[in-house]
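A.B. asks: Here it is, the structure, as structure tokens.
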Amino acid sequence: MTIDQLMLILIPMPVIIPAATAGLALLFARRPRLQQALSLASLLMLLFLSFALVYLVQVHGIYTVQLGGWNAPVGITLVADGLSTVMIAVSQLVLFAVLWFGIGQGIRDGSDDDPIAVFIPSYMLLNMGVSMAFLAGDLFNMYVGFEVLLVASYVLLTLGASAQRIRAGVSYVMVNMLSSLVFLAAIALVYAAVGTVNFAHISIRMEDVPDGTRTAIFAVLLVAFSVKAAVFPMASWLPDSYPSAPSMVTAVFAGLLTKVGVYAIIRARTVLFPEGAGLDTVLMWAGLATMIMGILGAMAQTEIKRLLSFTLVSHIGYMIFGIALGNELGMSGAIFYAVHHILVQTALFLVVGLIERQAGSSSLRRLGSLAKVSPLLAILYLVPALNLGGIPPFSGFLGKVMLVEAGAENGSSLAWILIAGAIITSLLTLYTMVIVWSKAFWRDRSDAPDGDTVLARPMTLQENPEFTKVEEREDVGRMPVGMLAPTALLIAGSLAVTVFAGPLSDATTSAAESVSDVDAYRAAVLGTDNVEEQMGIYDPGRTLDDTVHDPYGESDDSDDPEMPGVSTDANAEGGGQ
């Protein structure tokens, strides 16, 4: 089997396998053990396949698969490059660990009424949507990927249908429907301007679009993607939505969903608008505001889930900072930081699930003495907390150093302001993590303002619908191995990012070079000959009549009956560069 044939099989697997598993999980809804085993096995298979894709792309370059026998820019193209494969690999690790955690706790969070039969099918569809968004070679199929993962996330967010979750779900649905409408409007604007939605094709034709139009289109895309990435000032929905979900759902949402929005911003900034379309300054200010406002919000919280949701928003700002700098070091730092943050943030939310299982609450007003009660839980919190705070030599520190170096390389006064903001945010993050440690783990529980509430007077469902009465919960104080092991796995993964920071930074640098090399991306997707042809034939001043009769720029009396970019044998082979 040649490398082309192997990649033809491997690239669609992150989309096909979760879709097939979701269908089988529905068939086996009345056999939960089989359903769980099937889903874990499929995620484990995807984990190995995704790391194989990372290796093959690093060695052989960008590969594409043309679906349905129609070559780009007409057909559906899946693109495996350094960025998409790294993001898929990290995503599969997180999705595997979180599902293992969920199975370990019984796929519930305090209530036996949660409809667990629909959890795994929805979870696998979420996986499918994430992978589809990462692999999509055109705007419309990226939109489809977003919608698949969002529909699945609506189900997961409202699992159990408590009043609090429904209220949060309504807010989440409305905000994301609005962002989807903005995304659709942006796709319409792109198609009206350049007559295509294929990324590589857009990048060629967008060069001839007037500057003002190009800036307006990029601005609309940034609004749509910034809502999904939770970039300030479009991030207020996240701290209200995520904390209401079960811990395992919050963990996968926090780790992955916002990073899909960040990924989309990277694609738009590097492939569609490689010069930034005059909006890099706006992005830099947005990154600074996201860092500062997010961490200030976190400092005001007394509930750990909500506190971590604000830190999630804050650290999205680091990635936006790296993207907006417009140099390869900044892009590499943003990708490195995204990998680090996916692992660390997911691990911290899983630790919160363990805290709820151990103490019956995640409110700092009720917690205390956890270091004495469970030293293992204290260690599981402390390691990712220090990592998030950027303590040397953890990966959080290394990622911030990469971004600071990129900012210094940029050298502008605004870049130095962002460097200062990044350092201040890192110190405040560390302060916030220490506050959680001192209140939840170090102080005596009797010193907590409501320290005797959970034990002396069990909470009612009216006071907190997310928890049943503690005296009726047999699982309080017990942390099954099935919950501890996946949490430890993700923490080990974050430590591996530190230990193997050199090879990983090489991979992220390669990914940054790959997404920044627009010519290589165009050639991989369209083919070298077709790139030259498209660059020579496109006329942005063509009339509507010309577009209708001759959408590919060829004259009506052309002797060639084949459409440019569509192979005569209509095969689906990918091509390595």
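By convention here, the chains of the structure tokens are called A, B, ... in the order presented, each chain's residues are numbered starting at 1, and ligands are numbered starting at 1 in the order presented.
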For the interface of stretch 235-271 of chain A with stretch 356-368 of chain A (cut-off 12 Å, counting only C-alpha atoms), please tabulate each contacting residue of stretch 235-271 of chain A alongside its nearest pair of atoms and their separation in Å to one decimal, rows sorted by chain and increasing number, as JSON lines.
C.D. replies:
```
{"residue": "A:Pro243", "atom": "CA", "partner": "A:Ser362", "partner_atom": "CA", "distance": 10.4}
{"residue": "A:Ser244", "atom": "CA", "partner": "A:Ser362", "partner_atom": "CA", "distance": 11.8}
{"residue": "A:Pro246", "atom": "CA", "partner": "A:Glu356", "partner_atom": "CA", "distance": 10.6}
{"residue": "A:Ser247", "atom": "CA", "partner": "A:Glu356", "partner_atom": "CA", "distance": 8.9}
{"residue": "A:Met248", "atom": "CA", "partner": "A:Glu356", "partner_atom": "CA", "distance": 11.7}
```
A.B. asks: Could you turn the residues from that selection into a file that holds all heavy atoms, as a PDB file, in the first residue's frame?
C.D. replies:
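To be explicit, this is the file written out as again-v5.pdb:
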```pdb
ATOM      1  N   PRO A 243     -20.809  25.899  33.756  1.00  0.00           N
ATOM      2  CA  PRO A 243     -20.837  25.334  35.110  1.00  0.00           C
ATOM      3  C   PRO A 243     -22.085  24.536  35.443  1.00  0.00           C
ATOM      4  O   PRO A 243     -22.072  23.732  36.381  1.00  0.00           O
ATOM      5  CB  PRO A 243     -20.744  26.580  36.010  1.00  0.00           C
ATOM      6  CG  PRO A 243     -20.104  27.617  35.164  1.00  0.00           C
ATOM      7  CD  PRO A 243     -20.633  27.361  33.782  1.00  0.00           C
ATOM      8  N   SER A 244     -23.176  24.738  34.717  1.00  0.00           N
ATOM      9  CA  SER A 244     -24.416  24.038  35.037  1.00  0.00           C
ATOM     10  C   SER A 244     -24.416  22.596  34.555  1.00  0.00           C
ATOM     11  O   SER A 244     -25.212  21.781  35.003  1.00  0.00           O
ATOM     12  CB  SER A 244     -25.611  24.780  34.419  1.00  0.00           C
ATOM     13  OG  SER A 244     -25.546  24.721  33.008  1.00  0.00           O
ATOM     14  N   PRO A 246     -23.005  18.614  33.804  1.00  0.00           N
ATOM     15  CA  PRO A 246     -22.228  17.634  34.573  1.00  0.00           C
ATOM     16  C   PRO A 246     -20.731  17.872  34.392  1.00  0.00           C
ATOM     17  O   PRO A 246     -20.296  18.390  33.354  1.00  0.00           O
ATOM     18  CB  PRO A 246     -22.650  16.293  33.962  1.00  0.00           C
ATOM     19  CG  PRO A 246     -23.984  16.552  33.338  1.00  0.00           C
ATOM     20  CD  PRO A 246     -23.961  17.974  32.881  1.00  0.00           C
ATOM     21  N   SER A 247     -19.942  17.484  35.369  1.00  0.00           N
ATOM     22  CA  SER A 247     -18.509  17.788  35.355  1.00  0.00           C
ATOM     23  C   SER A 247     -17.810  17.265  34.113  1.00  0.00           C
ATOM     24  O   SER A 247     -16.965  17.947  33.525  1.00  0.00           O
ATOM     25  CB  SER A 247     -17.845  17.203  36.601  1.00  0.00           C
ATOM     26  OG  SER A 247     -18.282  17.866  37.750  1.00  0.00           O
ATOM     27  N   MET A 248     -18.160  16.052  33.687  1.00  0.00           N
ATOM     28  CA  MET A 248     -17.474  15.480  32.519  1.00  0.00           C
ATOM     29  C   MET A 248     -17.847  16.252  31.253  1.00  0.00           C
ATOM     30  O   MET A 248     -17.019  16.427  30.354  1.00  0.00           O
ATOM     31  CB  MET A 248     -17.833  14.008  32.366  1.00  0.00           C
ATOM     32  CG  MET A 248     -19.307  13.761  32.212  1.00  0.00           C
ATOM     33  SD  MET A 248     -19.726  12.025  32.234  1.00  0.00           S
ATOM     34  CE  MET A 248     -21.522  12.128  32.176  1.00  0.00           C
TER      35      MET A 248
END
```
A.B. asks: Skip A:Ala229 itself and residues of its chain fewer than 3 positions away, then list as a PDB file with N, CA, C and O atoms, in the first residue's frame all residues within 12 Å of it, counting only C-alpha atoms.
C.D. replies:
```
ATOM      1  N   PHE A 146     -19.331  22.640  12.713  1.00  0.00           N
ATOM      2  CA  PHE A 146     -19.763  23.425  13.868  1.00  0.00           C
ATOM      3  C   PHE A 146     -21.183  23.061  14.284  1.00  0.00           C
ATOM      4  O   PHE A 146     -21.480  22.903  15.474  1.00  0.00           O
ATOM      5  N   ASN A 176     -25.333  30.631  20.367  1.00  0.00           N
ATOM      6  CA  ASN A 176     -24.679  29.888  19.297  1.00  0.00           C
ATOM      7  C   ASN A 176     -25.500  29.871  18.012  1.00  0.00           C
ATOM      8  O   ASN A 176     -24.928  29.818  16.919  1.00  0.00           O
ATOM      9  N   SER A 179     -24.505  33.163  16.470  1.00  0.00           N
ATOM     10  CA  SER A 179     -23.183  33.097  15.852  1.00  0.00           C
ATOM     11  C   SER A 179     -23.212  32.273  14.576  1.00  0.00           C
ATOM     12  O   SER A 179     -22.500  32.572  13.613  1.00  0.00           O
ATOM     13  N   LEU A 222     -14.677  36.977  11.852  1.00  0.00           N
ATOM     14  CA  LEU A 222     -14.109  37.060  13.198  1.00  0.00           C
ATOM     15  C   LEU A 222     -15.199  37.148  14.263  1.00  0.00           C
ATOM     16  O   LEU A 222     -15.058  36.559  15.342  1.00  0.00           O
ATOM     17  N   VAL A 223     -16.269  37.857  13.975  1.00  0.00           N
ATOM     18  CA  VAL A 223     -17.371  37.927  14.943  1.00  0.00           C
ATOM     19  C   VAL A 223     -17.957  36.540  15.176  1.00  0.00           C
ATOM     20  O   VAL A 223     -18.164  36.113  16.324  1.00  0.00           O
ATOM     21  N   ALA A 224     -18.203  35.811  14.094  1.00  0.00           N
ATOM     22  CA  ALA A 224     -18.779  34.465  14.216  1.00  0.00           C
ATOM     23  C   ALA A 224     -17.850  33.544  14.991  1.00  0.00           C
ATOM     24  O   ALA A 224     -18.281  32.824  15.907  1.00  0.00           O
ATOM     25  N   PHE A 225     -16.573  33.543  14.653  1.00  0.00           N
ATOM     26  CA  PHE A 225     -15.621  32.644  15.305  1.00  0.00           C
ATOM     27  C   PHE A 225     -15.306  33.085  16.732  1.00  0.00           C
ATOM     28  O   PHE A 225     -15.053  32.238  17.609  1.00  0.00           O
ATOM     29  N   SER A 226     -15.328  34.389  16.983  1.00  0.00           N
ATOM     30  CA  SER A 226     -15.005  34.888  18.326  1.00  0.00           C
ATOM     31  C   SER A 226     -16.088  34.526  19.327  1.00  0.00           C
ATOM     32  O   SER A 226     -15.799  34.304  20.507  1.00  0.00           O
ATOM     33  N   PHE A 232     -13.491  38.079  24.343  1.00  0.00           N
ATOM     34  CA  PHE A 232     -14.147  39.288  24.856  1.00  0.00           C
ATOM     35  C   PHE A 232     -14.338  40.289  23.708  1.00  0.00           C
ATOM     36  O   PHE A 232     -13.439  40.460  22.881  1.00  0.00           O
ATOM     37  N   PRO A 233     -15.492  40.964  23.636  1.00  0.00           N
ATOM     38  CA  PRO A 233     -16.608  41.019  24.584  1.00  0.00           C
ATOM     39  C   PRO A 233     -17.730  40.030  24.295  1.00  0.00           C
ATOM     40  O   PRO A 233     -18.862  40.251  24.718  1.00  0.00           O
ATOM     41  N   MET A 234     -17.439  38.973  23.568  1.00  0.00           N
ATOM     42  CA  MET A 234     -18.469  38.001  23.202  1.00  0.00           C
ATOM     43  C   MET A 234     -18.310  36.698  23.975  1.00  0.00           C
ATOM     44  O   MET A 234     -18.517  35.608  23.455  1.00  0.00           O
ATOM     45  N   ALA A 235     -17.929  36.819  25.263  1.00  0.00           N
ATOM     46  CA  ALA A 235     -17.651  35.634  26.066  1.00  0.00           C
ATOM     47  C   ALA A 235     -18.548  35.493  27.284  1.00  0.00           C
ATOM     48  O   ALA A 235     -18.408  34.537  28.039  1.00  0.00           O
ATOM     49  N   SER A 236     -19.470  36.423  27.486  1.00  0.00           N
ATOM     50  CA  SER A 236     -20.257  36.411  28.725  1.00  0.00           C
ATOM     51  C   SER A 236     -21.163  35.193  28.840  1.00  0.00           C
ATOM     52  O   SER A 236     -21.563  34.817  29.950  1.00  0.00           O
ATOM     53  N   TRP A 237     -21.484  34.569  27.713  1.00  0.00           N
ATOM     54  CA  TRP A 237     -22.360  33.393  27.747  1.00  0.00           C
ATOM     55  C   TRP A 237     -21.682  32.186  28.394  1.00  0.00           C
ATOM     56  O   TRP A 237     -22.349  31.343  28.994  1.00  0.00           O
ATOM     57  N   LEU A 238     -20.364  32.082  28.289  1.00  0.00           N
ATOM     58  CA  LEU A 238     -19.685  30.853  28.697  1.00  0.00           C
ATOM     59  C   LEU A 238     -19.738  30.594  30.202  1.00  0.00           C
ATOM     60  O   LEU A 238     -20.119  29.490  30.618  1.00  0.00           O
ATOM     61  N   PHE A 253     -16.320  20.349  27.113  1.00  0.00           N
ATOM     62  CA  PHE A 253     -16.672  21.644  26.524  1.00  0.00           C
ATOM     63  C   PHE A 253     -15.520  22.639  26.717  1.00  0.00           C
ATOM     64  O   PHE A 253     -15.103  23.314  25.784  1.00  0.00           O
ATOM     65  N   ALA A 254     -15.022  22.721  27.958  1.00  0.00           N
ATOM     66  CA  ALA A 254     -13.969  23.681  28.266  1.00  0.00           C
ATOM     67  C   ALA A 254     -12.690  23.358  27.507  1.00  0.00           C
ATOM     68  O   ALA A 254     -11.987  24.252  27.032  1.00  0.00           O
ATOM     69  N   GLY A 255     -12.378  22.075  27.399  1.00  0.00           N
ATOM     70  CA  GLY A 255     -11.152  21.696  26.732  1.00  0.00           C
ATOM     71  C   GLY A 255     -11.197  21.884  25.236  1.00  0.00           C
ATOM     72  O   GLY A 255     -10.213  22.315  24.630  1.00  0.00           O
ATOM     73  N   LEU A 256     -12.348  21.584  24.597  1.00  0.00           N
ATOM     74  CA  LEU A 256     -12.371  21.474  23.142  1.00  0.00           C
ATOM     75  C   LEU A 256     -13.151  22.560  22.408  1.00  0.00           C
ATOM     76  O   LEU A 256     -12.670  23.103  21.410  1.00  0.00           O
ATOM     77  N   LEU A 257     -14.361  22.847  22.828  1.00  0.00           N
ATOM     78  CA  LEU A 257     -15.260  23.609  21.965  1.00  0.00           C
ATOM     79  C   LEU A 257     -14.740  25.013  21.670  1.00  0.00           C
ATOM     80  O   LEU A 257     -14.832  25.483  20.528  1.00  0.00           O
ATOM     81  N   THR A 258     -14.184  25.678  22.671  1.00  0.00           N
ATOM     82  CA  THR A 258     -13.649  27.009  22.403  1.00  0.00           C
ATOM     83  C   THR A 258     -12.427  26.932  21.484  1.00  0.00           C
ATOM     84  O   THR A 258     -12.172  27.850  20.693  1.00  0.00           O
ATOM     85  N   LYS A 259     -11.681  25.816  21.546  1.00  0.00           N
ATOM     86  CA  LYS A 259     -10.485  25.682  20.696  1.00  0.00           C
ATOM     87  C   LYS A 259     -10.856  25.479  19.232  1.00  0.00           C
ATOM     88  O   LYS A 259     -10.065  25.797  18.335  1.00  0.00           O
ATOM     89  N   VAL A 260     -12.065  24.959  18.969  1.00  0.00           N
ATOM     90  CA  VAL A 260     -12.521  24.860  17.583  1.00  0.00           C
ATOM     91  C   VAL A 260     -12.708  26.265  17.012  1.00  0.00           C
ATOM     92  O   VAL A 260     -12.368  26.542  15.858  1.00  0.00           O
ATOM     93  N   GLY A 261     -13.224  27.178  17.834  1.00  0.00           N
ATOM     94  CA  GLY A 261     -13.331  28.568  17.403  1.00  0.00           C
ATOM     95  C   GLY A 261     -11.974  29.203  17.177  1.00  0.00           C
ATOM     96  O   GLY A 261     -11.775  29.943  16.202  1.00  0.00           O
ATOM     97  N   VAL A 262     -11.018  28.921  18.064  1.00  0.00           N
ATOM     98  CA  VAL A 262      -9.654  29.434  17.889  1.00  0.00           C
ATOM     99  C   VAL A 262      -9.044  28.877  16.606  1.00  0.00           C
ATOM    100  O   VAL A 262      -8.386  29.613  15.842  1.00  0.00           O
ATOM    101  N   TYR A 263      -9.251  27.587  16.365  1.00  0.00           N
ATOM    102  CA  TYR A 263      -8.746  26.963  15.134  1.00  0.00           C
ATOM    103  C   TYR A 263      -9.307  27.671  13.896  1.00  0.00           C
ATOM    104  O   TYR A 263      -8.582  27.934  12.933  1.00  0.00           O
ATOM    105  N   ALA A 264     -10.589  27.987  13.929  1.00  0.00           N
ATOM    106  CA  ALA A 264     -11.215  28.660  12.783  1.00  0.00           C
ATOM    107  C   ALA A 264     -10.611  30.046  12.573  1.00  0.00           C
ATOM    108  O   ALA A 264     -10.401  30.478  11.429  1.00  0.00           O
ATOM    109  N   ILE A 265     -10.304  30.758  13.661  1.00  0.00           N
ATOM    110  CA  ILE A 265      -9.661  32.069  13.538  1.00  0.00           C
ATOM    111  C   ILE A 265      -8.274  31.917  12.910  1.00  0.00           C
ATOM    112  O   ILE A 265      -7.877  32.710  12.047  1.00  0.00           O
ATOM    113  N   ILE A 266      -7.534  30.883  13.319  1.00  0.00           N
ATOM    114  CA  ILE A 266      -6.210  30.642  12.737  1.00  0.00           C
ATOM    115  C   ILE A 266      -6.321  30.393  11.238  1.00  0.00           C
ATOM    116  O   ILE A 266      -5.570  30.964  10.435  1.00  0.00           O
ATOM    117  N   ALA A 286      -8.410  42.759  21.443  1.00  0.00           N
ATOM    118  CA  ALA A 286      -9.376  41.754  21.916  1.00  0.00           C
ATOM    119  C   ALA A 286      -8.678  40.704  22.771  1.00  0.00           C
ATOM    120  O   ALA A 286      -9.215  40.262  23.805  1.00  0.00           O
ATOM    121  N   GLY A 287      -7.475  40.290  22.361  1.00  0.00           N
ATOM    122  CA  GLY A 287      -6.723  39.322  23.154  1.00  0.00           C
ATOM    123  C   GLY A 287      -6.369  39.871  24.528  1.00  0.00           C
ATOM    124  O   GLY A 287      -6.497  39.170  25.545  1.00  0.00           O
ATOM    125  N   THR A 290      -9.538  40.046  26.652  1.00  0.00           N
ATOM    126  CA  THR A 290      -9.967  38.697  27.034  1.00  0.00           C
ATOM    127  C   THR A 290      -9.144  38.190  28.209  1.00  0.00           C
ATOM    128  O   THR A 290      -9.694  37.621  29.171  1.00  0.00           O
ATOM    129  N   LEU A 312     -10.833  29.955  31.820  1.00  0.00           N
ATOM    130  CA  LEU A 312     -10.876  29.451  30.442  1.00  0.00           C
ATOM    131  C   LEU A 312     -10.976  30.619  29.462  1.00  0.00           C
ATOM    132  O   LEU A 312     -10.226  30.688  28.474  1.00  0.00           O
ATOM    133  N   VAL A 313     -11.888  31.543  29.735  1.00  0.00           N
ATOM    134  CA  VAL A 313     -12.020  32.726  28.884  1.00  0.00           C
ATOM    135  C   VAL A 313     -10.714  33.505  28.861  1.00  0.00           C
ATOM    136  O   VAL A 313     -10.208  33.906  27.799  1.00  0.00           O
ATOM    137  N   SER A 314     -10.120  33.703  30.039  1.00  0.00           N
ATOM    138  CA  SER A 314      -8.901  34.497  30.146  1.00  0.00           C
ATOM    139  C   SER A 314      -7.782  33.937  29.279  1.00  0.00           C
ATOM    140  O   SER A 314      -7.096  34.682  28.569  1.00  0.00           O
ATOM    141  N   HIS A 315      -7.601  32.636  29.299  1.00  0.00           N
ATOM    142  CA  HIS A 315      -6.459  32.047  28.605  1.00  0.00           C
ATOM    143  C   HIS A 315      -6.698  31.859  27.108  1.00  0.00           C
ATOM    144  O   HIS A 315      -5.738  31.608  26.380  1.00  0.00           O
ATOM    145  N   ILE A 316      -7.934  32.025  26.659  1.00  0.00           N
ATOM    146  CA  ILE A 316      -8.167  32.135  25.219  1.00  0.00           C
ATOM    147  C   ILE A 316      -7.437  33.374  24.686  1.00  0.00           C
ATOM    148  O   ILE A 316      -6.951  33.402  23.554  1.00  0.00           O
ATOM    149  N   GLY A 317      -7.320  34.395  25.541  1.00  0.00           N
ATOM    150  CA  GLY A 317      -6.634  35.619  25.148  1.00  0.00           C
ATOM    151  C   GLY A 317      -5.189  35.389  24.749  1.00  0.00           C
ATOM    152  O   GLY A 317      -4.663  36.079  23.862  1.00  0.00           O
ATOM    153  N   MET A 319      -4.000  32.793  23.185  1.00  0.00           N
ATOM    154  CA  MET A 319      -3.993  32.253  21.821  1.00  0.00           C
ATOM    155  C   MET A 319      -4.292  33.348  20.808  1.00  0.00           C
ATOM    156  O   MET A 319      -3.658  33.410  19.742  1.00  0.00           O
ATOM    157  N   ILE A 320      -5.244  34.223  21.131  1.00  0.00           N
ATOM    158  CA  ILE A 320      -5.549  35.342  20.235  1.00  0.00           C
ATOM    159  C   ILE A 320      -4.342  36.265  20.110  1.00  0.00           C
ATOM    160  O   ILE A 320      -4.048  36.785  19.017  1.00  0.00           O
ATOM    161  N   ALA A 338      -2.505  26.222  22.872  1.00  0.00           N
ATOM    162  CA  ALA A 338      -3.801  25.555  22.724  1.00  0.00           C
ATOM    163  C   ALA A 338      -3.708  24.095  23.147  1.00  0.00           C
ATOM    164  O   ALA A 338      -4.596  23.576  23.857  1.00  0.00           O
TER     165      ALA A 338
END
```
A.B. asks: To one decimal place in Å, what is the distance between atom CA of A:Ile323 and atom CA of A:Ala406?
C.D. replies: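 Result for atom CA of A:Ile323 versus atom CA of A:Ala406: 10.2 Å, one decimal.
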A.B. asks: I'd like the neighbourhood of A:Ala511 as a list of chain:residue names, where a residue qualifies if any of its atoms comes within 7 Å (using only C-alpha atoms), though same-chain residues fewer than 3 positions away should be ignored.
C.D. replies: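 Once the adjacent positions are removed, what remains is A:Gly82, A:Leu83, A:Ala507, A:Thr508, A:Ser514, A:Val515.
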A.B. asks: Please list as a VMD selection string every residue within 12 Å of stretch 32-43 of chain A, counting only C-alpha atoms and excluding residues in the same chain fewer than 6 positions away.
C.D. replies: chain A and resid 13 to 26 49 to 50 88 to 89 91 to 104 106 to 107 115 to 125 127 to 128
